[in-house]
file entry_35.txt (compact mmCIF, C-alpha atoms)
# COMPACT_ATOMS: atom_id res chain seq x y z
CA MET P 67 47.45 -128.81 96.51
CA LYS P 68 45.70 -125.45 96.47
CA TYR P 69 41.90 -125.27 96.31
CA TYR P 70 39.67 -122.25 95.74
CA PHE P 71 35.98 -122.48 96.74
CA VAL P 72 33.13 -120.12 95.87
CA VAL P 73 30.03 -120.44 98.08
CA GLY P 74 27.10 -118.03 98.29
CA GLU P 75 24.85 -119.23 101.12
CA ALA P 76 24.63 -120.99 104.49
CA SER P 77 23.90 -124.54 103.28
CA GLY P 78 26.84 -124.32 100.88
CA ASP P 79 29.06 -123.24 103.76
CA LEU P 80 28.04 -126.34 105.71
CA HIS P 81 28.44 -128.83 102.87
CA THR P 82 31.70 -127.33 101.63
CA SER P 83 33.23 -127.34 105.10
CA ASN P 84 32.76 -131.10 105.15
CA LEU P 85 34.24 -131.43 101.65
CA MET P 86 37.27 -129.47 102.86
CA LYS P 87 37.59 -131.85 105.79
CA SER P 88 37.57 -134.83 103.41
CA LEU P 89 40.14 -133.21 101.11
CA LYS P 90 42.44 -132.64 104.08
CA ALA P 91 42.13 -136.31 105.01
CA TYR P 92 43.39 -137.32 101.55
CA ASP P 93 45.74 -134.41 100.88
CA GLY P 94 47.96 -133.52 103.79
CA ASN P 95 49.20 -130.42 101.94
CA ALA P 96 45.75 -129.03 101.15
CA ASP P 97 45.61 -125.23 101.19
CA PHE P 98 42.28 -123.38 100.97
CA ARG P 99 41.14 -119.94 99.91
CA PHE P 100 37.48 -119.08 99.49
CA PHE P 101 34.35 -117.02 99.29
CA GLY P 102 32.31 -118.76 101.98
CA GLY P 103 31.37 -118.75 105.64
CA ASP P 104 32.32 -119.45 109.23
CA LEU P 105 32.16 -123.25 108.99
CA MET P 106 34.58 -123.23 106.08
CA ALA P 107 36.85 -120.84 107.96
CA ALA P 108 36.92 -123.32 110.84
CA GLN P 109 38.53 -125.85 108.48
CA GLY P 110 41.44 -123.48 107.84
CA GLY P 111 42.62 -121.39 104.94
CA THR P 112 41.72 -117.82 104.02
CA LEU P 113 38.19 -116.38 103.94
CA VAL P 114 38.21 -113.66 101.28
CA LYS P 115 34.51 -112.70 101.33
CA HIS P 116 31.68 -113.87 103.59
CA TYR P 117 28.50 -115.16 101.93
CA ARG P 118 26.48 -112.70 104.06
CA GLU P 119 27.86 -109.94 101.84
CA MET P 120 26.71 -111.77 98.69
CA ALA P 121 23.18 -113.03 99.42
CA PHE P 122 20.87 -110.90 97.27
CA MET P 123 17.56 -112.55 96.44
CA GLY P 124 14.97 -111.42 93.91
CA ILE P 125 15.07 -109.02 90.97
CA GLY P 126 14.76 -105.82 93.03
CA PRO P 127 17.62 -106.46 95.48
CA VAL P 128 19.86 -107.75 92.66
CA VAL P 129 19.28 -104.59 90.61
CA MET P 130 19.76 -102.32 93.64
CA ASN P 131 23.01 -104.07 94.54
CA ALA P 132 24.32 -104.55 91.00
CA ARG P 133 27.47 -102.54 91.71
CA THR P 134 28.26 -104.63 94.79
CA ILE P 135 27.68 -107.88 92.89
CA LEU P 136 29.92 -106.73 90.05
CA GLY P 137 32.57 -105.73 92.57
CA ASN P 138 32.41 -109.17 94.18
CA LEU P 139 32.80 -110.82 90.76
CA GLN P 140 35.85 -108.74 89.92
CA LEU P 141 37.38 -109.41 93.35
CA CYS P 142 36.82 -113.15 92.98
CA LYS P 143 38.37 -113.29 89.50
CA LYS P 144 41.37 -111.23 90.54
CA ASP P 145 41.90 -113.27 93.70
CA ILE P 146 41.75 -116.61 91.88
CA ALA P 147 44.19 -115.35 89.24
CA SER P 148 46.59 -114.21 91.99
CA TYR P 149 46.27 -117.40 94.06
CA ARG P 150 46.63 -119.76 91.04
CA PRO P 151 44.96 -122.79 92.67
CA ASP P 152 45.22 -126.35 91.37
CA ALA P 153 41.42 -126.54 91.32
CA VAL P 154 38.42 -124.24 91.62
CA VAL P 155 35.35 -125.74 93.31
CA LEU P 156 32.08 -123.89 92.74
CA VAL P 157 29.10 -124.62 94.98
CA ASP P 158 25.53 -123.96 93.66
CA TYR P 159 24.98 -120.13 93.38
CA PRO P 160 24.78 -120.27 89.55
CA GLY P 161 24.25 -116.61 88.64
CA PHE P 162 27.66 -115.82 90.13
CA ASN P 163 29.49 -119.10 89.75
CA LEU P 164 28.91 -119.68 86.05
CA LYS P 165 30.64 -116.37 85.35
CA ILE P 166 33.54 -117.50 87.50
CA ALA P 167 33.64 -120.88 85.70
CA LYS P 168 33.89 -119.20 82.31
CA PHE P 169 36.68 -116.92 83.48
CA VAL P 170 38.67 -119.72 85.12
CA LYS P 171 38.47 -122.07 82.13
CA THR P 172 38.97 -119.54 79.34
CA ARG P 173 41.49 -117.22 80.96
CA LEU P 174 43.35 -119.34 83.51
CA ASN P 175 42.86 -122.91 82.24
CA ILE P 176 42.44 -124.25 85.78
CA PRO P 177 40.25 -127.36 86.39
CA VAL P 178 36.72 -126.41 87.47
CA PHE P 179 34.56 -128.65 89.65
CA TYR P 180 30.93 -127.92 90.43
CA TYR P 181 29.73 -129.37 93.75
CA ILE P 182 25.95 -129.27 94.26
CA SER P 183 24.37 -128.71 90.87
CA PRO P 184 22.23 -125.61 90.40
CA LYS P 185 18.56 -126.47 89.94
CA VAL P 186 18.61 -126.23 86.16
CA TRP P 187 16.12 -129.10 86.02
CA ALA P 188 13.55 -126.62 87.37
CA TRP P 189 14.31 -123.84 84.89
CA LYS P 190 17.10 -122.30 82.85
CA GLU P 191 18.06 -125.58 81.16
CA TYR P 192 20.06 -123.51 78.71
CA ARG P 193 22.75 -123.24 81.40
CA ILE P 194 23.74 -126.85 80.66
CA LYS P 195 25.63 -125.52 77.62
CA SER P 196 27.81 -123.48 79.97
CA PHE P 197 28.42 -126.49 82.21
CA LYS P 198 29.62 -128.50 79.22
CA LYS P 199 31.99 -125.71 78.17
CA TYR P 200 33.41 -124.55 81.48
CA VAL P 201 32.98 -127.31 84.11
CA ASP P 202 35.28 -130.34 84.15
CA GLU P 203 33.23 -132.42 86.58
CA MET P 204 29.70 -131.90 87.93
CA LEU P 205 29.19 -133.50 91.36
CA CYS P 206 25.48 -133.88 92.09
CA ILE P 207 23.79 -134.50 95.44
CA LEU P 208 20.31 -135.44 94.20
CA PRO P 209 19.90 -138.86 92.55
CA PHE P 210 17.39 -137.79 89.89
CA GLU P 211 19.86 -135.24 88.50
CA VAL P 212 21.95 -137.96 86.86
CA GLU P 213 19.11 -139.01 84.57
CA PHE P 214 18.19 -135.39 83.87
CA TYR P 215 21.69 -134.53 82.66
CA LYS P 216 21.94 -137.80 80.75
CA LYS P 217 19.07 -136.61 78.54
CA HIS P 218 21.25 -133.65 77.63
CA ASN P 219 24.28 -135.85 76.88
CA TYR P 220 26.15 -134.58 79.91
CA ARG P 221 27.82 -137.07 82.23
CA VAL P 222 27.68 -136.15 85.91
CA HIS P 223 28.44 -137.92 89.19
CA TYR P 224 25.97 -138.62 91.96
CA VAL P 225 28.14 -138.60 95.09
CA GLY P 226 25.35 -139.04 97.64
CA ASN P 227 23.69 -136.34 99.68
CA PRO P 228 25.79 -134.48 102.26
CA SER P 229 22.76 -133.90 104.48
CA VAL P 230 22.69 -137.66 105.11
CA ASP P 231 26.23 -137.43 106.45
CA GLU P 232 25.60 -134.32 108.48
CA ILE P 233 22.52 -135.77 110.14
CA ASP P 234 24.34 -139.03 110.85
CA THR P 235 27.38 -137.35 112.45
CA ARG P 236 25.58 -134.46 114.18
CA ASP P 237 26.36 -133.37 117.70
CA PHE P 238 23.85 -134.34 120.41
CA LYS P 239 22.71 -137.28 118.28
CA ASN P 240 21.57 -139.23 121.35
CA GLU P 241 20.12 -136.26 123.23
CA THR P 242 16.86 -136.84 125.09
CA PHE P 243 13.91 -134.46 125.09
CA SER P 244 14.39 -133.76 128.79
CA GLY P 245 18.05 -132.99 128.19
CA PHE P 246 17.25 -130.61 125.34
CA ILE P 247 14.62 -128.60 127.19
CA ALA P 248 16.80 -128.41 130.30
CA ALA P 249 19.78 -127.13 128.27
CA ASN P 250 17.65 -124.42 126.66
CA GLU P 251 15.43 -123.58 129.66
CA LEU P 252 12.26 -124.62 127.86
CA PRO P 253 8.99 -125.78 129.44
CA ASP P 254 8.08 -129.47 129.43
CA ARG P 255 5.69 -129.37 126.48
CA PRO P 256 6.01 -130.94 123.01
CA ILE P 257 7.61 -128.72 120.38
CA ILE P 258 6.42 -127.35 117.05
CA ALA P 259 9.47 -126.11 115.13
CA LEU P 260 9.40 -123.13 112.77
CA LEU P 261 12.03 -122.89 110.02
CA ALA P 262 11.21 -119.74 108.09
CA GLY P 263 14.18 -119.52 105.73
CA SER P 264 17.83 -118.56 105.66
CA ARG P 265 17.59 -115.02 104.24
CA LYS P 266 15.96 -111.93 105.74
CA GLN P 267 13.55 -111.59 102.82
CA GLU P 268 12.36 -115.18 103.22
CA ILE P 269 11.94 -114.82 106.97
CA SER P 270 10.03 -111.55 106.64
CA ARG P 271 7.75 -113.08 104.03
CA ASN P 272 7.05 -116.40 105.75
CA LEU P 273 7.37 -116.10 109.51
CA PRO P 274 4.36 -113.82 110.27
CA SER P 275 1.91 -116.23 108.61
CA MET P 276 3.59 -119.23 110.20
CA LEU P 277 3.10 -117.64 113.61
CA GLN P 278 -0.57 -117.02 112.86
CA ALA P 279 -1.02 -120.63 111.75
CA VAL P 280 0.27 -122.04 115.06
CA LYS P 281 -1.92 -119.88 117.28
CA GLY P 282 -4.16 -121.91 119.54
CA PHE P 283 -1.92 -124.97 119.91
CA GLU P 284 -1.83 -124.45 123.65
CA ASP P 285 -0.52 -127.94 124.48
CA TYR P 286 2.63 -127.26 122.44
CA GLN P 287 5.50 -124.78 122.60
CA LEU P 288 6.98 -122.97 119.61
CA VAL P 289 10.69 -122.92 118.85
CA ILE P 290 12.12 -120.96 115.92
CA ALA P 291 15.37 -122.22 114.42
CA GLY P 292 17.38 -119.03 113.93
CA ALA P 293 19.11 -118.90 110.56
CA PRO P 294 22.93 -118.77 110.38
CA GLY P 295 24.21 -115.30 109.63
CA ILE P 296 21.03 -113.55 110.83
CA GLU P 297 21.43 -111.37 113.91
CA PRO P 298 19.16 -112.38 116.83
CA GLY P 299 17.53 -108.94 116.99
CA PHE P 300 16.08 -109.39 113.50
CA TYR P 301 13.49 -111.84 114.86
CA ASP P 302 12.31 -109.48 117.61
CA LYS P 303 9.90 -107.53 115.40
CA PHE P 304 8.04 -110.76 114.59
CA THR P 305 8.15 -112.47 117.99
CA LYS P 306 7.94 -109.66 120.56
CA GLY P 307 5.48 -110.57 123.30
CA LEU P 308 4.90 -114.11 122.00
CA PRO P 309 5.50 -117.16 124.22
CA LEU P 310 8.24 -118.78 122.13
CA LYS P 311 11.99 -119.03 121.86
CA VAL P 312 14.45 -118.43 119.03
CA LEU P 313 17.46 -120.73 119.19
CA PHE P 314 20.55 -120.36 117.01
CA ASN P 315 23.01 -123.02 115.83
CA GLN P 316 20.69 -125.79 117.02
CA THR P 317 18.54 -126.60 113.97
CA TYR P 318 19.18 -130.35 114.07
CA ARG P 319 18.66 -130.49 117.84
CA ILE P 320 15.37 -128.59 117.54
CA LEU P 321 14.04 -130.79 114.73
CA ALA P 322 15.10 -134.00 116.45
CA GLN P 323 12.99 -133.07 119.49
CA SER P 324 9.95 -131.71 117.59
CA GLN P 325 6.57 -133.29 117.02
CA ALA P 326 6.07 -131.39 113.77
CA ALA P 327 7.60 -128.52 111.82
CA LEU P 328 6.60 -125.71 109.48
CA VAL P 329 9.39 -125.46 106.93
CA THR P 330 10.13 -123.24 103.95
CA SER P 331 11.30 -125.04 100.82
CA GLY P 332 14.99 -125.83 100.47
CA THR P 333 17.50 -128.01 102.27
CA ALA P 334 15.51 -127.69 105.52
CA THR P 335 12.69 -129.86 104.09
CA LEU P 336 15.20 -132.64 103.47
CA GLU P 337 16.77 -132.24 106.91
CA ALA P 338 13.38 -132.44 108.62
CA ALA P 339 12.60 -135.66 106.72
CA LEU P 340 15.98 -137.21 107.56
CA LEU P 341 15.27 -136.43 111.22
CA ASN P 342 11.84 -138.05 110.89
CA VAL P 343 9.84 -134.90 111.67
CA PRO P 344 6.39 -134.60 110.06
CA GLN P 345 6.32 -131.28 108.25
CA VAL P 346 4.26 -128.73 106.38
CA VAL P 347 6.15 -127.07 103.53
CA CYS P 348 5.04 -123.45 103.20
CA TYR P 349 6.50 -120.71 101.08
CA ARG P 350 4.89 -117.35 100.52
CA MET P 351 5.46 -115.69 97.15
CA PRO P 352 4.72 -112.18 95.89
CA MET P 353 1.80 -111.99 93.44
CA PRO P 354 0.66 -115.50 94.42
CA ARG P 355 -1.65 -116.23 91.49
CA LEU P 356 0.88 -115.09 88.93
CA SER P 357 3.62 -117.01 90.77
CA TYR P 358 1.55 -120.19 90.63
CA TRP P 359 0.87 -119.69 86.92
CA ALA P 360 4.61 -119.32 86.35
CA PHE P 361 5.29 -122.48 88.36
CA LYS P 362 2.82 -124.51 86.31
CA ASN P 363 3.73 -123.08 82.91
CA ILE P 364 7.39 -122.06 83.04
CA LEU P 365 9.14 -124.27 85.57
CA HIS P 366 9.88 -127.85 84.64
CA THR P 367 9.30 -129.46 88.00
CA PRO P 368 6.16 -130.86 89.65
CA TYR P 369 7.22 -129.99 93.23
CA ILE P 370 9.14 -127.39 95.21
CA SER P 371 10.32 -129.53 98.14
CA LEU P 372 13.30 -131.86 97.94
CA VAL P 373 11.40 -134.62 99.72
CA ASN P 374 8.75 -134.81 97.02
CA LEU P 375 11.26 -134.39 94.20
CA ILE P 376 13.42 -137.25 95.46
CA CYS P 377 10.46 -139.58 95.96
CA ASP P 378 8.80 -138.36 92.72
CA ARG P 379 5.42 -138.14 94.46
CA GLU P 380 3.64 -136.07 97.07
CA VAL P 381 5.02 -137.07 100.46
CA VAL P 382 4.64 -133.67 102.18
CA MET P 383 2.03 -131.02 101.49
CA GLU P 384 3.37 -127.93 99.74
CA PHE P 385 1.51 -124.69 100.41
CA PHE P 386 3.06 -122.02 98.22
CA ALA P 387 1.89 -119.18 96.00
CA LYS P 388 -1.94 -119.11 95.99
CA PHE P 389 -2.14 -122.12 98.35
CA PHE P 390 -0.07 -120.41 101.04
CA THR P 391 -2.79 -119.51 103.56
CA VAL P 392 -2.91 -119.59 107.33
CA GLU P 393 -5.96 -121.87 107.20
CA ASN P 394 -4.29 -124.44 104.90
CA ILE P 395 -1.16 -124.58 107.03
CA ARG P 396 -3.15 -124.94 110.26
CA LYS P 397 -5.35 -127.73 108.89
CA GLU P 398 -2.35 -129.75 107.73
CA LEU P 399 -0.56 -129.24 111.05
CA ILE P 400 -3.61 -130.58 112.89
CA GLN P 401 -3.56 -133.68 110.69
CA LEU P 402 0.10 -134.32 111.39
CA LEU P 403 -0.24 -133.89 115.14
CA HIS P 404 -3.53 -135.70 115.75
CA VAL P 405 -4.28 -138.20 112.95
CA LYS P 406 -2.06 -141.22 113.63
CA ASN P 407 -2.38 -142.95 110.25
CA TYR P 408 -1.77 -139.72 108.37
CA ARG P 409 1.37 -139.08 110.39
CA LYS P 410 2.58 -142.68 110.01
CA ASN P 411 2.17 -142.56 106.23
CA MET P 412 4.49 -139.57 105.99
CA LEU P 413 7.09 -141.23 108.19
CA ASP P 414 6.93 -144.42 106.10
CA ASN P 415 7.57 -142.36 102.97
CA TYR P 416 10.55 -140.72 104.67
CA ALA P 417 12.09 -144.19 105.03
CA GLU P 418 11.74 -144.73 101.28
CA MET P 419 13.40 -141.35 100.63
CA ARG P 420 16.38 -142.34 102.77
CA ARG P 421 16.75 -145.55 100.76
CA ILE P 422 16.78 -143.60 97.49
CA LEU P 423 19.43 -141.17 98.76
CA GLY P 424 21.83 -143.97 99.64
CA ASN P 425 24.63 -144.28 102.15
CA THR P 426 26.76 -141.73 103.94
CA GLY P 427 30.09 -140.61 102.47
CA ALA P 428 29.12 -137.83 100.02
CA SER P 429 32.02 -135.54 100.93
CA ASP P 430 34.55 -138.37 100.70
CA ARG P 431 33.27 -139.45 97.30
CA ALA P 432 33.38 -135.85 96.04
CA ALA P 433 36.96 -135.48 97.31
CA GLU P 434 37.96 -138.73 95.59
CA ILE P 435 36.62 -137.53 92.23
CA ILE P 436 38.38 -134.16 92.53
CA LEU P 437 41.72 -135.70 93.45
CA ASP P 438 41.43 -138.42 90.83
CA LYS P 439 40.83 -135.79 88.14
CA LEU P 440 43.86 -133.86 89.38
CA GLY P 441 46.02 -136.98 89.15
CA ASN P 442 46.29 -137.58 92.88
CA ASN P 443 44.51 -140.92 93.09
CA PRO P 444 43.12 -141.58 96.57
CA LEU P 445 42.24 -145.04 97.82
CA LYS P 446 38.56 -145.36 96.96
CA LYS P 447 36.74 -146.66 100.01
CA PHE P 448 33.17 -145.51 99.62
CA SER P 449 30.14 -146.63 97.64
CA ILE P 450 26.65 -145.18 97.43
call {"tool": "encode", "arguments": {"input": "entry_35.txt", "output": "structure tokens"}}
result
Amino acid sequence: MKYYFVVGEASGDLHTSNLMKSLKAYDGNADFRFFGGDLMAAQGGTLVKHYREMAFMGIGPVVMNARTILGNLQLCKKDIASYRPDAVVLVDYPGFNLKIAKFVKTRLNIPVFYYISPKVWAWKEYRIKSFKKYVDEMLCILPFEVEFYKKHNYRVHYVGNPSVDEIDTRDFKNETFSGFIAANELPDRPIIALLAGSRKQEISRNLPSMLQAVKGFEDYQLVIAGAPGIEPGFYDKFTKGLPLKVLFNQTYRILAQSQAALVTSGTATLEAALLNVPQVVCYRMPMPRLSYWAFKNILHTPYISLVNLICDREVVMEFFAKFFTVENIRKELIQLLHVKNYRKNMLDNYAEMRRILGNTGASDRAAEIILDKLGNNPLKKFSI
């Protein structure tokens, strides 16, 4: 069968590459074409547009690049119509993908699957109407989303969380600290990891304050996890002259060997928890007081980090908007590194989060649902 994927960011590239791998295991004739990234390309098929050319964040950049975004939309629609796939699989990225879903269902009448639900439970609940109209099956990766959609009379599938699989099957899973520092020519000191985001705007906004917050931790070394798709030279203006290292394509290895981490909100908070790394969630926003007012009065979510959302309580501290200060981040980091009971409590809560997420096999379960809907019934082997 022929599958068309539309992915707009790095985490989607990772998760979709594993879904492609599962589809190939079930469907020996699987053929892929996609807007995506390097990891998807490694699974085979044709990369039409790289997500690096599509990642515009915030009102200003979107307006400034409106012509490019419109061009990408037209290219995607035209390419899908020409390729005539058996299924279109959309991955998060709702501003773009809902337009594609409408086109595919109304103009081409091709089955549409949505893998990784957009965060409509946080805001823009009105988009559920579009899901009902244009999406055949919604495949969710967060357990609380099932109940949320149920309230809106929309049946969705919880397939498990792909980060559980990716952490479980990661390379260097049994690597020792001594092996890691030797491989990367690092000194023999415990590590504080910095994960400042996946886009240039996020990194520029968050990394300078993160670096200020970790000043003075002389017994530790700092390692920045370089974001996929960001050129190494981009970090130089923030790190020049500082005693630290930026490592690319090693996020899981870095976290697994770290004593603590400063992490922006997003998938990275979940990955840090799955790797049992105590963390401080920090996310700088423009106009912090207004941003916090909007969070409290417009958004429909009590937390910004996936860890807290999954557990439905405060497991990790979230310093964002008006609470994003160097002093707050530093104080919390000290607690995590030096107060044993405080650290242990966070790690105990991580164990509860893993129980809620369930077993490995998210990509296989998603592939089963897609193929079953298309009439190619695979042998169901996996349960959550």
call {"tool": "atom_distance", "arguments": {"input": "entry_35.txt", "atom1": "CA of Glu337 (chain P)", "atom2": "CA of Tyr416 (chain P)"}}
result
10.8 Å
call {"tool": "residues_around", "arguments": {"input": "entry_35.txt", "residues": "region 272-278 of chain P", "least_positions_apart": "6", "cutoff": "7 Å", "atoms": "only C-alpha atoms", "output": "PyMOL selection string"}}
result
chain P and resi 262+304+349-350+392
call {"tool": "closest_residue", "arguments": {"input": "entry_35.txt", "among": "P:Ile376, P:His218, P:Met204, P:Val225", "to": "Tyr192 (chain P)", "atoms": "all atoms listed in the file"}}
result
P:His218
call {"tool": "residues_near_point", "arguments": {"input": "entry_35.txt", "point": "(19.3, -134.2, 91.3)", "cutoff": "9 Å", "atoms": "only C-alpha atoms", "output": "PDB file with C-alpha atoms, in the coordinates of the input"}}
result
ATOM      1  CA  ILE P 182      25.950-129.270  94.260  1.00  0.00           C
ATOM      2  CA  SER P 183      24.370-128.710  90.870  1.00  0.00           C
ATOM      3  CA  LYS P 185      18.560-126.470  89.940  1.00  0.00           C
ATOM      4  CA  TRP P 187      16.120-129.100  86.020  1.00  0.00           C
ATOM      5  CA  CYS P 206      25.480-133.880  92.090  1.00  0.00           C
ATOM      6  CA  ILE P 207      23.790-134.500  95.440  1.00  0.00           C
ATOM      7  CA  LEU P 208      20.310-135.440  94.200  1.00  0.00           C
ATOM      8  CA  PRO P 209      19.900-138.860  92.550  1.00  0.00           C
ATOM      9  CA  PHE P 210      17.390-137.790  89.890  1.00  0.00           C
ATOM     10  CA  GLU P 211      19.860-135.240  88.500  1.00  0.00           C
ATOM     11  CA  VAL P 212      21.950-137.960  86.860  1.00  0.00           C
ATOM     12  CA  GLU P 213      19.110-139.010  84.570  1.00  0.00           C
ATOM     13  CA  PHE P 214      18.190-135.390  83.870  1.00  0.00           C
ATOM     14  CA  TYR P 215      21.690-134.530  82.660  1.00  0.00           C
ATOM     15  CA  TYR P 224      25.970-138.620  91.960  1.00  0.00           C
ATOM     16  CA  LEU P 375      11.260-134.390  94.200  1.00  0.00           C
ATOM     17  CA  ILE P 376      13.420-137.250  95.460  1.00  0.00           C
TER      18      ILE P 376
END
call {"tool": "closest_residue", "arguments": {"input": "entry_35.txt", "among": "P:Asp97, P:Asp104, P:Asp231, P:Glu297", "to": "Gly78 (chain P)", "atoms": "only C-alpha atoms"}}
result
P:Asp104
call {"tool": "closest_residue", "arguments": {"input": "entry_35.txt", "among": "P:Val280, P:Ile290, P:Leu372, P:Val186", "to": "Thr317 (chain P)", "atoms": "only C-alpha atoms"}}
result
P:Ile290
call {"tool": "atom_distance", "arguments": {"input": "entry_35.txt", "atom1": "CA of Leu80 (chain P)", "atom2": "CA of Pro294 (chain P)"}}
result
10.3 Å
call {"tool": "residues_around", "arguments": {"input": "entry_35.txt", "residues": "Glu203 (chain P)", "least_positions_apart": "4", "cutoff": "9 Å", "atoms": "only C-alpha atoms", "output": "list in words"}}
result
Pro177, Val178, Phe179, Tyr180, Tyr181, Phe197, Arg221, Val222, His223, Ile435, Ile436 and Lys439 of chain P
call {"tool": "closest_residue", "arguments": {"input": "entry_35.txt", "among": "P:Ala107, P:Ile233, P:Leu437, P:Val73", "to": "Asp158 (chain P)", "atoms": "all atoms listed in the file"}}
result
P:Val73
call {"tool": "residues_around", "arguments": {"input": "entry_35.txt", "residues": "Leu174 (chain P)", "least_positions_apart": "5", "cutoff": "12 Å", "atoms": "all atoms listed in the file", "output": "list in words"}}
result
Lys143, Lys144, Asp145, Ile146, Ala147, Ser148, Tyr149, Arg150, Pro151, Asp152, Ala153, Val154, Ile166, Ala167, Lys168, Phe169 and Tyr200 of chain P
call {"tool": "atom_distance", "arguments": {"input": "entry_35.txt", "atom1": "CA of Gly295 (chain P)", "atom2": "CA of Asp79 (chain P)"}}
result
11.0 Å
call {"tool": "closest_residue", "arguments": {"input": "entry_35.txt", "among": "P:Leu113, P:Ile176, P:Ile135, P:Leu85", "to": "Val157 (chain P)", "atoms": "all atoms listed in the file"}}
result
P:Leu85
call {"tool": "residues_around", "arguments": {"input": "entry_35.txt", "residues": "Ala433 (chain P)", "least_positions_apart": "4", "cutoff": "9 Å", "atoms": "only C-alpha atoms", "output": "VMD selection string"}}
result
chain P and resid 85 to 86 88 to 89 92 428 to 429 437 to 438 444
call {"tool": "write_last_selection", "arguments": {"input": "entry_35.txt", "atoms": "C-alpha atoms", "output": "PDB file, keeping the file's coordinate frame"}}
result
ATOM      1  CA  LEU P  85      34.240-131.430 101.650  1.00  0.00           C
ATOM      2  CA  MET P  86      37.270-129.470 102.860  1.00  0.00           C
ATOM      3  CA  SER P  88      37.570-134.830 103.410  1.00  0.00           C
ATOM      4  CA  LEU P  89      40.140-133.210 101.110  1.00  0.00           C
ATOM      5  CA  TYR P  92      43.390-137.320 101.550  1.00  0.00           C
ATOM      6  CA  ALA P 428      29.120-137.830 100.020  1.00  0.00           C
ATOM      7  CA  SER P 429      32.020-135.540 100.930  1.00  0.00           C
ATOM      8  CA  LEU P 437      41.720-135.700  93.450  1.00  0.00           C
ATOM      9  CA  ASP P 438      41.430-138.420  90.830  1.00  0.00           C
ATOM     10  CA  PRO P 444      43.120-141.580  96.570  1.00  0.00           C
TER      11      PRO P 444
END
call {"tool": "residues_around", "arguments": {"input": "entry_35.txt", "residues": "Val343 (chain P)", "least_positions_apart": "3", "cutoff": "7 Å", "atoms": "all atoms listed in the file", "output": "ChimeraX atom specification"}}
result
/P:321,324-327,338-339
call {"tool": "axis_aligned_box", "arguments": {"input": "entry_35.txt", "around": "region 73-82 of chain P", "padding_each_side": "6 Å", "output": "AutoDock Vina command-line options"}}
result
--center_x 27.8 --center_y -123.4 --center_z 101.9 --size_x 19.8 --size_y 22.8 --size_z 19.6
call {"tool": "closest_residue", "arguments": {"input": "entry_35.txt", "among": "P:Asn219, P:Asn227, P:Thr330, P:Ser77", "to": "Arg431 (chain P)", "atoms": "all atoms listed in the file"}}
result
P:Asn227
call {"tool": "build_atoms", "arguments": {"input": "entry_35.txt", "residues": "region 176-187 of chain P", "atoms": "N, CA and C atoms", "output": "mmCIF file, in the frame of the given file"}}
result
data_model
loop_
_atom_site.group_PDB
_atom_site.id
_atom_site.type_symbol
_atom_site.label_atom_id
_atom_site.label_comp_id
_atom_site.auth_asym_id
_atom_site.auth_seq_id
_atom_site.Cartn_x
_atom_site.Cartn_y
_atom_site.Cartn_z
ATOM 1 N N ILE P 176 42.359 -123.486 84.531
ATOM 2 C CA ILE P 176 42.440 -124.250 85.780
ATOM 3 C C ILE P 176 41.236 -125.188 85.835
ATOM 4 N N PRO P 177 41.396 -126.446 86.290
ATOM 5 C CA PRO P 177 40.250 -127.360 86.390
ATOM 6 C C PRO P 177 39.132 -126.796 87.259
ATOM 7 N N VAL P 178 37.903 -126.918 86.764
ATOM 8 C CA VAL P 178 36.720 -126.410 87.470
ATOM 9 C C VAL P 178 35.819 -127.574 87.852
ATOM 10 N N PHE P 179 35.484 -127.647 89.132
ATOM 11 C CA PHE P 179 34.560 -128.650 89.650
ATOM 12 C C PHE P 179 33.323 -127.930 90.179
ATOM 13 N N TYR P 180 32.169 -128.507 89.918
ATOM 14 C CA TYR P 180 30.930 -127.920 90.430
ATOM 15 C C TYR P 180 30.334 -128.914 91.434
ATOM 16 N N TYR P 181 30.289 -128.507 92.704
ATOM 17 C CA TYR P 181 29.730 -129.370 93.750
ATOM 18 C C TYR P 181 28.363 -128.801 94.133
ATOM 19 N N ILE P 182 27.358 -129.638 94.030
ATOM 20 C CA ILE P 182 25.950 -129.270 94.260
ATOM 21 C C ILE P 182 25.434 -128.523 93.023
ATOM 22 N N SER P 183 24.861 -129.268 92.130
ATOM 23 C CA SER P 183 24.370 -128.710 90.870
ATOM 24 C C SER P 183 23.299 -127.659 91.110
ATOM 25 N N PRO P 184 23.358 -126.550 90.385
ATOM 26 C CA PRO P 184 22.230 -125.610 90.400
ATOM 27 C C PRO P 184 20.971 -126.313 89.893
ATOM 28 N N LYS P 185 19.826 -125.796 90.265
ATOM 29 C CA LYS P 185 18.560 -126.470 89.940
ATOM 30 C C LYS P 185 18.112 -126.159 88.511
ATOM 31 N N VAL P 186 18.959 -126.499 87.556
ATOM 32 C CA VAL P 186 18.610 -126.230 86.160
ATOM 33 C C VAL P 186 17.497 -127.139 85.662
ATOM 34 N N TRP P 187 17.224 -128.216 86.389
ATOM 35 C CA TRP P 187 16.120 -129.100 86.020
ATOM 36 C C TRP P 187 14.766 -128.423 86.309
#
